[in-house]
$ cat model.cif   # mmCIF, C-alpha atoms
data_coords
#
loop_
_atom_site.group_PDB
_atom_site.id
_atom_site.type_symbol
_atom_site.label_atom_id
_atom_site.label_comp_id
_atom_site.auth_asym_id
_atom_site.auth_seq_id
_atom_site.Cartn_x
_atom_site.Cartn_y
_atom_site.Cartn_z
ATOM 1 C CA MET A 1 -85.376 58.255 56.782
ATOM 2 C CA LEU A 2 -86.127 54.577 56.205
ATOM 3 C CA GLU A 3 -88.797 54.702 58.906
ATOM 4 C CA LYS A 4 -90.591 57.564 57.080
ATOM 5 C CA ALA A 5 -90.564 55.569 53.858
ATOM 6 C CA VAL A 6 -91.975 52.506 55.623
ATOM 7 C CA ASN A 7 -94.673 54.595 57.305
ATOM 8 C CA PHE A 8 -95.535 56.234 53.984
ATOM 9 C CA THR A 9 -95.913 52.908 52.168
ATOM 10 C CA SER A 10 -97.885 51.402 55.027
ATOM 11 C CA ASP A 11 -100.204 54.420 54.978
ATOM 12 C CA LEU A 12 -100.672 53.950 51.224
ATOM 13 C CA ALA A 13 -101.418 50.258 51.709
ATOM 14 C CA ARG A 14 -103.833 51.011 54.539
ATOM 15 C CA GLY A 15 -105.611 53.573 52.352
ATOM 16 C CA ALA A 16 -105.862 51.089 49.489
ATOM 17 C CA VAL A 17 -107.316 48.467 51.821
ATOM 18 C CA HIS A 18 -109.895 50.934 53.140
ATOM 19 C CA LYS A 19 -110.818 51.937 49.587
ATOM 20 C CA GLY A 20 -111.221 48.263 48.675
ATOM 21 C CA ILE A 21 -113.436 47.676 51.691
ATOM 22 C CA GLU A 22 -115.523 50.717 50.784
ATOM 23 C CA LEU A 23 -115.931 49.465 47.208
ATOM 24 C CA TYR A 24 -116.880 46.009 48.448
ATOM 25 C CA GLU A 25 -119.453 47.398 50.879
ATOM 26 C CA ASN A 26 -121.002 49.609 48.179
ATOM 27 C CA ARG A 27 -120.859 47.018 45.400
ATOM 28 C CA GLU A 28 -124.643 46.905 44.962
ATOM 29 C CA MET A 29 -124.766 50.663 44.472
ATOM 30 C CA TYR A 30 -121.969 50.536 41.879
ATOM 31 C CA LYS A 31 -123.569 47.544 40.155
ATOM 32 C CA ASN A 32 -126.940 49.295 39.952
ATOM 33 C CA ARG A 33 -125.291 52.473 38.695
ATOM 34 C CA MET A 34 -123.511 50.497 35.967
ATOM 35 C CA ILE A 35 -126.735 48.747 34.969
ATOM 36 C CA ASP A 36 -128.599 52.075 34.835
ATOM 37 C CA ALA A 37 -125.854 53.628 32.711
ATOM 38 C CA SER A 38 -125.944 50.633 30.351
ATOM 39 C CA LYS A 39 -129.728 50.867 30.017
ATOM 40 C CA ALA A 40 -129.514 54.594 29.307
ATOM 41 C CA ALA A 41 -126.852 54.000 26.652
ATOM 42 C CA TYR A 42 -128.991 51.265 25.082
ATOM 43 C CA ASP A 43 -132.032 53.538 25.008
ATOM 44 C CA ARG A 44 -129.985 56.320 23.456
ATOM 45 C CA PHE A 45 -128.566 54.166 20.683
ATOM 46 C CA THR A 46 -131.674 52.219 19.709
ATOM 47 C CA SER A 47 -132.490 55.201 17.523
ATOM 48 C CA LEU A 48 -130.077 53.879 14.889
ATOM 49 C CA ASP A 49 -132.189 52.955 11.932
ATOM 50 C CA CYS A 50 -131.500 50.430 9.218
ATOM 51 C CA CYS A 51 -129.602 52.970 7.104
ATOM 52 C CA ASP A 52 -127.181 53.719 9.940
ATOM 53 C CA LEU A 53 -126.490 50.040 10.494
ATOM 54 C CA ALA A 54 -125.818 49.644 6.776
ATOM 55 C CA LEU A 55 -123.408 52.600 6.943
ATOM 56 C CA ILE A 56 -121.569 50.992 9.856
ATOM 57 C CA LYS A 57 -121.208 47.794 7.830
ATOM 58 C CA VAL A 58 -119.947 49.712 4.791
ATOM 59 C CA ALA A 59 -117.420 51.587 6.933
ATOM 60 C CA VAL A 60 -116.061 48.389 8.459
ATOM 61 C CA LEU A 61 -116.046 46.660 5.089
ATOM 62 C CA SER A 62 -114.184 49.531 3.397
ATOM 63 C CA LEU A 63 -111.650 49.562 6.215
ATOM 64 C CA GLY A 64 -111.070 45.829 5.765
ATOM 65 C CA VAL A 65 -110.833 46.153 1.984
ATOM 66 C CA SER A 66 -108.323 48.978 2.338
ATOM 67 C CA LEU A 67 -106.175 46.881 4.639
ATOM 68 C CA GLY A 68 -106.374 43.965 2.207
ATOM 69 C CA ALA A 69 -105.728 46.149 -0.826
ATOM 70 C CA TYR A 70 -102.604 47.548 0.794
ATOM 71 C CA PHE A 71 -100.878 44.208 0.201
ATOM 72 C CA SER A 72 -101.856 44.015 -3.479
ATOM 73 C CA ARG A 73 -99.781 45.930 -6.028
ATOM 74 C CA ARG A 74 -102.690 46.522 -8.389
ATOM 75 C CA LEU A 75 -105.123 47.710 -5.699
ATOM 76 C CA ARG A 76 -102.693 49.749 -3.615
ATOM 77 C CA LYS A 77 -103.752 52.928 -5.453
ATOM 78 C CA LEU A 78 -107.306 52.504 -4.121
ATOM 79 C CA VAL A 79 -106.337 52.351 -0.441
ATOM 80 C CA PRO A 80 -106.835 56.127 0.128
ATOM 81 C CA VAL A 81 -110.301 55.912 -1.446
ATOM 82 C CA PHE A 82 -111.404 53.119 0.889
ATOM 83 C CA LEU A 83 -109.904 54.881 3.907
ATOM 84 C CA ALA A 84 -111.659 58.122 2.951
ATOM 85 C CA ILE A 85 -114.988 56.297 2.657
ATOM 86 C CA SER A 86 -114.494 54.672 6.041
ATOM 87 C CA ALA A 87 -113.427 57.950 7.692
ATOM 88 C CA ALA A 88 -116.317 59.928 6.188
ATOM 89 C CA ILE A 89 -118.917 57.415 7.333
ATOM 90 C CA SER A 90 -117.359 57.168 10.791
ATOM 91 C CA ILE A 91 -117.320 60.952 11.215
ATOM 92 C CA TYR A 92 -120.945 61.179 10.064
ATOM 93 C CA LEU A 93 -122.076 58.511 12.531
ATOM 94 C CA ILE A 94 -120.108 60.071 15.406
ATOM 95 C CA ILE A 95 -121.671 63.460 14.704
ATOM 96 C CA LYS A 96 -125.123 61.909 14.465
ATOM 97 C CA ALA A 97 -124.726 59.861 17.643
ATOM 98 C CA PHE A 98 -123.062 62.355 19.958
ATOM 99 C CA ILE A 99 -123.642 65.890 18.688
ATOM 100 C CA CYS A 100 -127.083 65.967 17.059
ATOM 101 C CA ASP A 101 -130.004 66.040 19.472
ATOM 102 C CA GLU A 102 -133.117 64.129 18.555
ATOM 103 C CA ASP A 103 -135.387 66.077 20.886
#
$ encode --input "model.cif" --output "structure tokens"
Amino acid sequence: MLEKAVNFTSDLARGAVHKGIELYENREMYKNRMIDASKAAYDRFTSLDCCDLALIKVAVLSLGVSLGAYFSRRLRKLVPVFLAISAAISIYLIIKAFICDED
């Protein structure tokens, strides 16, 4: 029984070593694929115009204000408003970036 367990773990280790060797040998291919994917993502998201960047800033700002207002007794009532603003802008930008086609 112990021999089967040792053989099993040695087979797993041998497989991991072979996978590592394969990754090392094909590192240029993986590097080029990662660079191509990054370039494609950059090309896809350069379509954000000035208004979208302003919306991203407003969403992050409202999220920060809501977190800060949570610790103030007078502003605690406004936390849901700031969170709703941040969520609405985030949902809009996600829909625009991933669902809407610009073709």
$ atom_distance --input "model.cif" --atom1 "atom CA of Tyr70 of chain A" --atom2 "atom CA of Ala87 of chain A"
16.5 Å
$ atom_distance --input "model.cif" --atom1 "atom CA of Ile89 of chain A" --atom2 "atom CA of Val58 of chain A"
8.2 Å
$ residues_around --input "model.cif" --residues "Ser62 of chain A" --least-positions-apart "2" --cutoff "9 Å" --atoms "all atoms listed in the file" --output "list of chain:residue names"
A:Lys57, A:Val58, A:Ala59, A:Val60, A:Gly64, A:Val65, A:Ser66, A:Leu67, A:Val81, A:Phe82, A:Leu83, A:Ala84, A:Ile85, A:Ser86
$ residues_around --input "model.cif" --residues "Asp52 of chain A" --least-positions-apart "6" --cutoff "12 Å" --atoms "all atoms listed in the file" --output "ChimeraX atom specification"
/A:45-46,58-59,89-90,92-94,96-97
$ atom_distance --input "model.cif" --atom1 "atom CA of Met34 of chain A" --atom2 "atom CA of Leu55 of chain A"
29.1 Å
$ axis_aligned_box --input "model.cif" --around "segment 52-67 of chain A" --padding-each-side "3 Å" --output "AutoDock Vina command-line options"
--center_x -116.7 --center_y 49.8 --center_z 6.2 --size_x 27.0 --size_y 13.9 --size_z 14.5
$ closest_residue --input "model.cif" --among "A:Ala88, A:Ala13, A:Met29, A:Ile21" --to "Ile56 of chain A" --atoms "only C-alpha atoms"
A:Ala88
$ decode --input "model.cif" --residues "segment 9-99 of chain A" --atoms "C-alpha atoms" --output "PDB file, in the first residue's frame"
ATOM      1  CA  THR A   9       3.372  10.844  -5.653  1.00  0.00           C
ATOM      2  CA  SER A  10       6.486  10.242  -7.717  1.00  0.00           C
ATOM      3  CA  ASP A  11       4.338  10.061 -10.854  1.00  0.00           C
ATOM      4  CA  LEU A  12       2.702  13.363  -9.876  1.00  0.00           C
ATOM      5  CA  ALA A  13       6.100  14.952  -9.288  1.00  0.00           C
ATOM      6  CA  ARG A  14       7.420  13.597 -12.579  1.00  0.00           C
ATOM      7  CA  GLY A  15       4.373  14.997 -14.386  1.00  0.00           C
ATOM      8  CA  ALA A  16       4.847  18.391 -12.748  1.00  0.00           C
ATOM      9  CA  VAL A  17       8.505  18.434 -13.771  1.00  0.00           C
ATOM     10  CA  HIS A  18       7.607  17.568 -17.366  1.00  0.00           C
ATOM     11  CA  LYS A  19       4.947  20.289 -17.404  1.00  0.00           C
ATOM     12  CA  GLY A  20       7.502  22.778 -16.075  1.00  0.00           C
ATOM     13  CA  ILE A  21       9.990  21.770 -18.747  1.00  0.00           C
ATOM     14  CA  GLU A  22       7.310  22.127 -21.415  1.00  0.00           C
ATOM     15  CA  LEU A  23       6.404  25.605 -20.148  1.00  0.00           C
ATOM     16  CA  TYR A  24      10.060  26.608 -20.068  1.00  0.00           C
ATOM     17  CA  GLU A  25      10.661  25.358 -23.608  1.00  0.00           C
ATOM     18  CA  ASN A  26       7.582  27.195 -24.919  1.00  0.00           C
ATOM     19  CA  ARG A  27       8.131  30.385 -22.925  1.00  0.00           C
ATOM     20  CA  GLU A  28       8.544  32.558 -26.028  1.00  0.00           C
ATOM     21  CA  MET A  29       5.217  31.355 -27.394  1.00  0.00           C
ATOM     22  CA  TYR A  30       3.462  32.074 -24.083  1.00  0.00           C
ATOM     23  CA  LYS A  31       5.186  35.454 -23.790  1.00  0.00           C
ATOM     24  CA  ASN A  32       4.144  36.441 -27.314  1.00  0.00           C
ATOM     25  CA  ARG A  33       0.601  35.240 -26.675  1.00  0.00           C
ATOM     26  CA  MET A  34       0.433  37.349 -23.508  1.00  0.00           C
ATOM     27  CA  ILE A  35       1.788  40.400 -25.327  1.00  0.00           C
ATOM     28  CA  ASP A  36      -0.729  39.934 -28.157  1.00  0.00           C
ATOM     29  CA  ALA A  37      -3.590  39.588 -25.676  1.00  0.00           C
ATOM     30  CA  SER A  38      -2.442  42.743 -23.866  1.00  0.00           C
ATOM     31  CA  LYS A  39      -2.256  44.685 -27.134  1.00  0.00           C
ATOM     32  CA  ALA A  40      -5.729  43.504 -28.125  1.00  0.00           C
ATOM     33  CA  ALA A  41      -7.117  44.538 -24.736  1.00  0.00           C
ATOM     34  CA  TYR A  42      -5.437  47.944 -25.057  1.00  0.00           C
ATOM     35  CA  ASP A  43      -6.884  48.448 -28.532  1.00  0.00           C
ATOM     36  CA  ARG A  44     -10.327  47.458 -27.304  1.00  0.00           C
ATOM     37  CA  PHE A  45     -10.320  49.849 -24.368  1.00  0.00           C
ATOM     38  CA  THR A  46      -8.809  52.913 -26.020  1.00  0.00           C
ATOM     39  CA  SER A  47     -12.341  53.674 -27.150  1.00  0.00           C
ATOM     40  CA  LEU A  48     -13.085  55.127 -23.709  1.00  0.00           C
ATOM     41  CA  ASP A  49     -13.661  58.794 -24.245  1.00  0.00           C
ATOM     42  CA  CYS A  50     -13.210  61.647 -21.821  1.00  0.00           C
ATOM     43  CA  CYS A  51     -16.746  61.263 -20.451  1.00  0.00           C
ATOM     44  CA  ASP A  52     -16.140  57.620 -19.543  1.00  0.00           C
ATOM     45  CA  LEU A  53     -12.928  58.471 -17.734  1.00  0.00           C
ATOM     46  CA  ALA A  54     -14.773  61.174 -15.805  1.00  0.00           C
ATOM     47  CA  LEU A  55     -17.454  58.620 -14.880  1.00  0.00           C
ATOM     48  CA  ILE A  56     -14.793  56.220 -13.613  1.00  0.00           C
ATOM     49  CA  LYS A  57     -13.360  58.993 -11.442  1.00  0.00           C
ATOM     50  CA  VAL A  58     -16.807  59.890 -10.093  1.00  0.00           C
ATOM     51  CA  ALA A  59     -17.523  56.238  -9.293  1.00  0.00           C
ATOM     52  CA  VAL A  60     -14.263  55.820  -7.398  1.00  0.00           C
ATOM     53  CA  LEU A  61     -14.728  59.148  -5.649  1.00  0.00           C
ATOM     54  CA  SER A  62     -18.293  58.314  -4.571  1.00  0.00           C
ATOM     55  CA  LEU A  63     -17.127  54.943  -3.287  1.00  0.00           C
ATOM     56  CA  GLY A  64     -14.413  56.640  -1.231  1.00  0.00           C
ATOM     57  CA  VAL A  65     -16.817  59.283   0.068  1.00  0.00           C
ATOM     58  CA  SER A  66     -19.303  56.595   1.069  1.00  0.00           C
ATOM     59  CA  LEU A  67     -16.628  54.731   2.986  1.00  0.00           C
ATOM     60  CA  GLY A  68     -15.568  57.959   4.694  1.00  0.00           C
ATOM     61  CA  ALA A  69     -19.138  59.025   5.407  1.00  0.00           C
ATOM     62  CA  TYR A  70     -19.844  55.698   7.072  1.00  0.00           C
ATOM     63  CA  PHE A  71     -17.701  56.792  10.022  1.00  0.00           C
ATOM     64  CA  SER A  72     -19.446  60.157  10.428  1.00  0.00           C
ATOM     65  CA  ARG A  73     -22.739  60.295  12.328  1.00  0.00           C
ATOM     66  CA  ARG A  74     -24.104  63.221  10.337  1.00  0.00           C
ATOM     67  CA  LEU A  75     -23.215  61.793   6.910  1.00  0.00           C
ATOM     68  CA  ARG A  76     -24.084  58.160   7.582  1.00  0.00           C
ATOM     69  CA  LYS A  77     -27.548  58.683   6.055  1.00  0.00           C
ATOM     70  CA  LEU A  78     -25.930  59.527   2.699  1.00  0.00           C
ATOM     71  CA  VAL A  79     -23.901  56.317   2.415  1.00  0.00           C
ATOM     72  CA  PRO A  80     -26.597  54.472   0.376  1.00  0.00           C
ATOM     73  CA  VAL A  81     -26.781  57.409  -2.047  1.00  0.00           C
ATOM     74  CA  PHE A  82     -23.035  57.358  -2.702  1.00  0.00           C
ATOM     75  CA  LEU A  83     -23.019  53.570  -3.034  1.00  0.00           C
ATOM     76  CA  ALA A  84     -25.939  53.720  -5.473  1.00  0.00           C
ATOM     77  CA  ILE A  85     -24.116  56.314  -7.583  1.00  0.00           C
ATOM     78  CA  SER A  86     -20.978  54.195  -7.628  1.00  0.00           C
ATOM     79  CA  ALA A  87     -22.896  50.998  -8.469  1.00  0.00           C
ATOM     80  CA  ALA A  88     -24.920  52.655 -11.241  1.00  0.00           C
ATOM     81  CA  ILE A  89     -21.842  54.101 -12.920  1.00  0.00           C
ATOM     82  CA  SER A  90     -19.947  50.824 -12.585  1.00  0.00           C
ATOM     83  CA  ILE A  91     -22.810  48.832 -14.114  1.00  0.00           C
ATOM     84  CA  TYR A  92     -23.097  51.328 -16.979  1.00  0.00           C
ATOM     85  CA  LEU A  93     -19.374  51.134 -17.748  1.00  0.00           C
ATOM     86  CA  ILE A  94     -19.343  47.323 -17.551  1.00  0.00           C
ATOM     87  CA  ILE A  95     -22.271  47.123 -19.961  1.00  0.00           C
ATOM     88  CA  LYS A  96     -20.623  49.613 -22.298  1.00  0.00           C
ATOM     89  CA  ALA A  97     -17.238  47.883 -22.202  1.00  0.00           C
ATOM     90  CA  PHE A  98     -18.236  44.237 -22.442  1.00  0.00           C
ATOM     91  CA  ILE A  99     -21.746  43.943 -23.870  1.00  0.00           C
TER      92      ILE A  99
END
